[in-house]
file start-v8.csv (CSV, C-alpha atoms)
chain,number,residue,atom,x,y,z
A,14,MET,CA,81.9,104.7,25.5
A,15,GLU,CA,83.2,105.8,22.1
A,16,ALA,CA,82.3,109.4,22.8
A,17,ILE,CA,84.4,109.4,26.0
A,18,THR,CA,87.4,107.8,24.4
A,19,ASP,CA,87.3,109.8,21.2
A,20,PRO,CA,90.3,112.2,21.3
A,21,ARG,CA,88.3,114.8,19.3
A,22,ASN,CA,86.1,115.2,22.4
A,23,MET,CA,88.9,115.6,24.9
A,24,SER,CA,89.0,119.4,24.8
A,25,MET,CA,85.3,119.5,25.5
A,26,PHE,CA,85.6,117.3,28.5
A,27,VAL,CA,88.7,119.0,29.9
A,28,ASN,CA,87.3,122.5,29.6
A,29,ARG,CA,83.8,121.7,31.0
A,30,PRO,CA,81.7,123.5,28.4
A,31,ALA,CA,78.6,122.8,30.5
A,32,LEU,CA,79.8,125.7,32.7
A,33,GLY,CA,80.5,127.9,29.6
A,34,VAL,CA,84.3,127.8,30.2
A,35,PHE,CA,86.3,127.7,27.0
A,36,PRO,CA,84.1,125.5,24.9
A,37,ASN,CA,85.9,124.3,21.8
A,38,SER,CA,85.1,125.7,18.4
A,39,GLU,CA,83.1,122.5,17.4
A,40,TYR,CA,80.8,122.8,20.4
A,41,PRO,CA,77.9,124.7,18.7
A,42,ASN,CA,77.9,122.2,15.9
A,43,GLN,CA,77.9,119.3,18.3
A,44,LEU,CA,74.9,120.8,20.1
A,45,GLU,CA,73.1,121.3,16.8
A,46,LYS,CA,73.6,117.6,15.9
A,47,THR,CA,72.7,116.2,19.3
A,48,LEU,CA,70.5,118.1,21.8
A,49,LEU,CA,69.0,120.6,19.4
A,50,SER,CA,68.2,117.9,16.9
A,51,VAL,CA,65.6,116.4,19.3
A,52,ALA,CA,64.4,119.7,20.9
A,53,PRO,CA,60.6,120.3,21.0
A,54,PRO,CA,59.2,122.4,18.1
A,55,GLY,CA,59.9,126.1,18.5
A,56,MET,CA,62.9,125.6,20.8
A,57,SER,CA,66.0,126.9,19.1
A,58,ARG,CA,68.5,127.2,22.0
A,59,VAL,CA,70.0,124.9,24.6
A,60,GLN,CA,71.9,125.6,27.8
A,61,THR,CA,73.9,122.8,29.2
A,62,MET,CA,74.6,122.4,32.9
A,63,ALA,CA,77.1,120.4,35.0
A,64,CYS,CA,74.4,118.3,36.8
A,65,GLY,CA,70.7,117.7,37.3
A,66,ALA,CA,70.5,119.9,40.4
A,67,CYS,CA,72.2,122.7,38.5
A,68,SER,CA,69.6,122.3,35.7
A,69,VAL,CA,66.8,122.6,38.3
A,70,GLU,CA,68.3,125.7,39.9
A,71,ASN,CA,68.7,127.5,36.6
A,72,ALA,CA,65.2,126.4,35.4
A,73,THR,CA,63.7,128.0,38.5
A,74,LYS,CA,65.7,131.2,38.0
A,75,GLN,CA,64.5,131.4,34.4
A,76,ALA,CA,60.9,131.0,35.6
A,77,PHE,CA,61.3,133.8,38.1
A,78,ILE,CA,63.0,136.1,35.6
A,79,TRP,CA,60.4,135.4,32.9
A,80,LYS,CA,57.5,136.2,35.4
A,81,LYS,CA,59.1,139.5,36.5
A,82,LYS,CA,59.7,140.4,32.8
A,83,ILE,CA,55.9,139.9,32.1
A,84,GLU,CA,55.0,141.9,35.2
A,85,ARG,CA,57.3,144.8,34.3
A,86,LYS,CA,55.6,145.2,30.9
A,87,GLY,CA,58.7,146.6,29.3
A,88,ALA,CA,59.5,149.0,32.2
A,89,SER,CA,63.1,149.5,33.3
A,90,VAL,CA,64.5,148.0,36.5
A,91,THR,CA,64.1,150.6,39.4
A,92,GLU,CA,66.7,151.8,41.8
A,93,GLU,CA,64.6,150.4,44.6
A,94,GLU,CA,64.7,146.9,43.0
A,95,LEU,CA,68.5,147.2,42.6
A,96,SER,CA,69.1,148.2,46.2
A,97,SER,CA,66.5,145.9,47.8
A,98,CYS,CA,67.8,142.8,46.1
A,99,MET,CA,71.2,143.3,47.7
A,100,ILE,CA,69.6,142.7,51.2
A,101,ASN,CA,67.3,139.9,50.1
A,102,GLN,CA,64.2,142.1,50.2
A,103,SER,CA,61.2,142.9,47.9
A,104,PRO,CA,60.7,144.3,45.4
A,105,GLY,CA,64.2,143.4,44.1
A,106,CYS,CA,63.8,139.8,45.5
A,107,PRO,CA,60.1,139.2,44.7
A,108,PRO,CA,58.2,136.6,46.8
A,109,TYR,CA,57.7,134.1,44.0
A,110,SER,CA,57.5,130.3,44.5
A,111,ILE,CA,57.8,127.1,42.6
A,112,LEU,CA,55.2,124.4,43.0
A,113,SER,CA,56.5,120.8,43.5
A,114,PHE,CA,55.0,117.4,44.3
A,115,HIS,CA,55.0,115.1,47.2
A,116,GLY,CA,57.5,112.3,46.6
A,117,GLY,CA,59.5,114.3,44.1
A,118,PHE,CA,63.3,114.3,44.1
A,119,HIS,CA,65.1,117.1,42.2
A,120,GLY,CA,68.5,117.4,43.8
A,121,ARG,CA,70.3,118.6,47.0
A,122,THR,CA,71.2,122.2,46.1
A,123,TYR,CA,69.0,124.8,47.9
A,124,GLY,CA,66.3,125.6,45.4
A,125,ALA,CA,66.2,122.0,44.3
A,126,LEU,CA,66.1,120.8,47.9
A,127,SER,CA,63.0,122.9,48.6
A,128,CYS,CA,61.3,121.0,45.7
A,129,THR,CA,62.5,117.6,47.0
A,130,HIS,CA,60.2,115.6,49.2
A,131,SER,CA,61.4,112.0,48.9
A,132,LYS,CA,63.6,111.2,52.0
A,133,GLU,CA,63.8,112.9,55.3
A,134,ILE,CA,67.6,112.6,55.4
A,135,HIS,CA,67.9,115.0,52.5
A,136,LYS,CA,66.1,117.8,54.3
A,137,LEU,CA,66.4,117.3,58.1
A,138,ASP,CA,67.8,120.4,60.0
A,139,LEU,CA,68.0,122.5,56.8
A,140,PRO,CA,65.8,125.6,56.3
A,141,ALA,CA,63.7,125.5,53.1
A,142,PHE,CA,61.8,128.0,51.0
A,143,ASP,CA,58.1,128.5,51.7
A,144,TRP,CA,57.0,127.0,48.4
A,145,PRO,CA,53.8,125.0,47.7
A,146,ILE,CA,53.7,121.2,47.6
A,147,ALA,CA,50.9,119.3,45.7
A,148,PRO,CA,49.8,115.7,45.6
A,149,PHE,CA,51.0,113.7,42.6
A,150,PRO,CA,48.7,110.9,41.2
A,151,ARG,CA,49.4,107.5,42.6
A,152,LEU,CA,48.1,105.2,39.9
A,153,LYS,CA,46.8,101.6,40.3
A,154,TYR,CA,48.3,98.9,38.1
A,155,PRO,CA,47.7,97.3,35.7
A,156,LEU,CA,46.5,100.5,34.1
A,157,ASN,CA,43.9,98.9,31.9
A,158,SER,CA,42.2,97.3,34.9
A,159,HIS,CA,41.9,100.6,36.9
A,160,THR,CA,41.0,103.2,34.2
A,161,ALA,CA,38.2,104.9,36.2
A,162,ASP,CA,40.1,105.0,39.5
A,163,ASN,CA,43.2,106.4,37.8
A,164,GLU,CA,41.2,109.1,36.0
A,165,ALA,CA,39.5,110.1,39.2
A,166,GLU,CA,42.9,110.2,41.0
A,167,GLU,CA,44.4,112.5,38.4
A,168,MET,CA,41.3,114.8,38.5
A,169,ARG,CA,41.6,115.0,42.3
A,170,CYS,CA,45.2,116.0,42.1
A,171,LEU,CA,44.6,118.6,39.4
A,172,GLY,CA,41.8,120.1,41.6
A,173,GLU,CA,44.2,120.3,44.5
A,174,ILE,CA,46.9,121.9,42.4
A,175,ARG,CA,44.5,124.6,41.3
A,176,LYS,CA,43.5,125.3,44.9
A,177,ILE,CA,47.1,125.4,46.1
A,178,ILE,CA,48.2,127.8,43.4
A,179,ALA,CA,45.2,130.1,44.2
A,180,GLU,CA,46.0,130.0,47.9
A,181,TYR,CA,49.7,130.9,47.4
A,182,ASN,CA,48.8,133.6,44.9
A,183,SER,CA,46.4,135.1,47.5
A,184,ARG,CA,49.1,135.2,50.1
A,185,GLY,CA,51.4,137.1,47.7
A,186,ARG,CA,53.7,134.1,47.2
A,187,ASN,CA,52.9,134.0,43.5
A,188,VAL,CA,53.6,130.6,41.8
A,189,ALA,CA,56.0,131.3,38.9
A,190,GLY,CA,56.3,127.7,37.7
A,191,LEU,CA,56.1,124.1,38.7
A,192,ILE,CA,58.5,121.2,38.6
A,193,VAL,CA,57.7,117.6,37.8
A,194,GLU,CA,60.1,114.8,36.9
A,195,PRO,CA,58.4,111.4,36.3
A,196,ILE,CA,61.7,109.6,36.0
A,197,GLN,CA,63.9,110.8,39.0
A,198,ALA,CA,66.7,108.3,39.2
A,199,GLU,CA,67.3,108.1,43.0
A,200,GLY,CA,63.7,109.4,43.7
A,201,GLY,CA,62.1,106.6,41.7
A,202,ASP,CA,59.5,106.7,38.9
A,203,TYR,CA,56.1,108.4,39.3
A,204,HIS,CA,54.1,108.1,36.2
A,205,ALA,CA,50.8,109.7,35.1
A,206,SER,CA,48.8,109.8,31.9
A,207,LYS,CA,49.7,112.0,28.9
A,208,GLU,CA,46.5,114.0,29.6
A,209,PHE,CA,47.6,114.7,33.2
A,210,PHE,CA,50.8,116.3,32.0
A,211,GLN,CA,49.0,118.2,29.3
A,212,GLN,CA,46.7,119.6,32.0
A,213,LEU,CA,49.8,120.7,34.0
A,214,GLN,CA,51.1,122.5,30.9
A,215,SER,CA,47.7,124.2,30.5
A,216,LEU,CA,47.9,125.4,34.1
A,217,CYS,CA,51.3,126.8,33.6
A,218,LYS,CA,50.1,128.7,30.5
A,219,GLU,CA,47.2,130.1,32.5
call {"tool": "encode", "arguments": {"input": "start-v8.csv", "output": "structure tokens"}}
result
Amino acid sequence: MEAITDPRNMSMFVNRPALGVFPNSEYPNQLEKTLLSVAPPGMSRVQTMACGACSVENATKQAFIWKKKIERKGASVTEEELSSCMINQSPGCPPYSILSFHGGFHGRTYGALSCTHSKEIHKLDLPAFDWPIAPFPRLKYPLNSHTADNEAEEMRCLGEIRKIIAEYNSRGRNVAGLIVEPIQAEGGDYHASKEFFQQLQSLCKE
């Protein structure tokens, strides 16, 4: 509450720096002291967004841009890519995809909605991208009474994720990234072990 009522922050709120519109001169220092102070090791930049769905949209764009950068191997953008992207065709608009999970909620904007699978009302009558959907572990509680079952469930899901990625890649719908939010506000909480998320990270690096 203090941050909202502090007059020194008024310029920041009024000018919506999350959108990059006229941030005040103190904004870089404020980011240093807040978000960057808790950033994972090796992360030296932060890009703020207006909402969660905006963050999802921009994260997926970054995944696609990064994948194409790797594939180009330093080559320049071609004239064919420039012209074809203007009519939503490959190679300028490559057929990449983002893997998401059954039950996930990531927002209602178009890319985020294609990754959202929590309620029918969010998606009914709306076209969606042909992106892969994988099972997410449904753990039994209390955890310490179901260790073996939960480990088996996580391994089952990891096996399915590998198969789905291979299948989409073989169809030319290359998976450029995956999205997972254990704490989803409206979508509820879906938890898994630390080891499961580490395995997902390893899959992404592969």
call {"tool": "residues_around", "arguments": {"input": "start-v8.csv", "residues": "A:Asn187", "least_positions_apart": "2", "cutoff": "9 Å", "atoms": "only C-alpha atoms", "output": "PyMOL selection string"}}
result
chain A and resi 107-111+178-179+181-185+189
call {"tool": "closest_residue", "arguments": {"input": "start-v8.csv", "among": "A:Arg169, A:Lys218, A:Lys46, A:Arg58", "to": "A:Val188", "atoms": "all atoms listed in the file"}}
result
A:Lys218
call {"tool": "residues_around", "arguments": {"input": "start-v8.csv", "residues": "A:Ala72", "least_positions_apart": "3", "cutoff": "12 Å", "atoms": "all atoms listed in the file", "output": "VMD selection string"}}
result
chain A and resid 59 to 62 65 to 69 75 to 79 111 119 124 to 125 189 to 193
call {"tool": "closest_residue", "arguments": {"input": "start-v8.csv", "among": "A:Phe210, A:Asp162, A:Gly117, A:Lys153", "to": "A:Ile196", "atoms": "only C-alpha atoms"}}
result
A:Gly117
call {"tool": "atom_distance", "arguments": {"input": "start-v8.csv", "atom1": "atom CA of A:Gln214", "atom2": "atom CA of A:Glu166"}}
result
17.9 Å
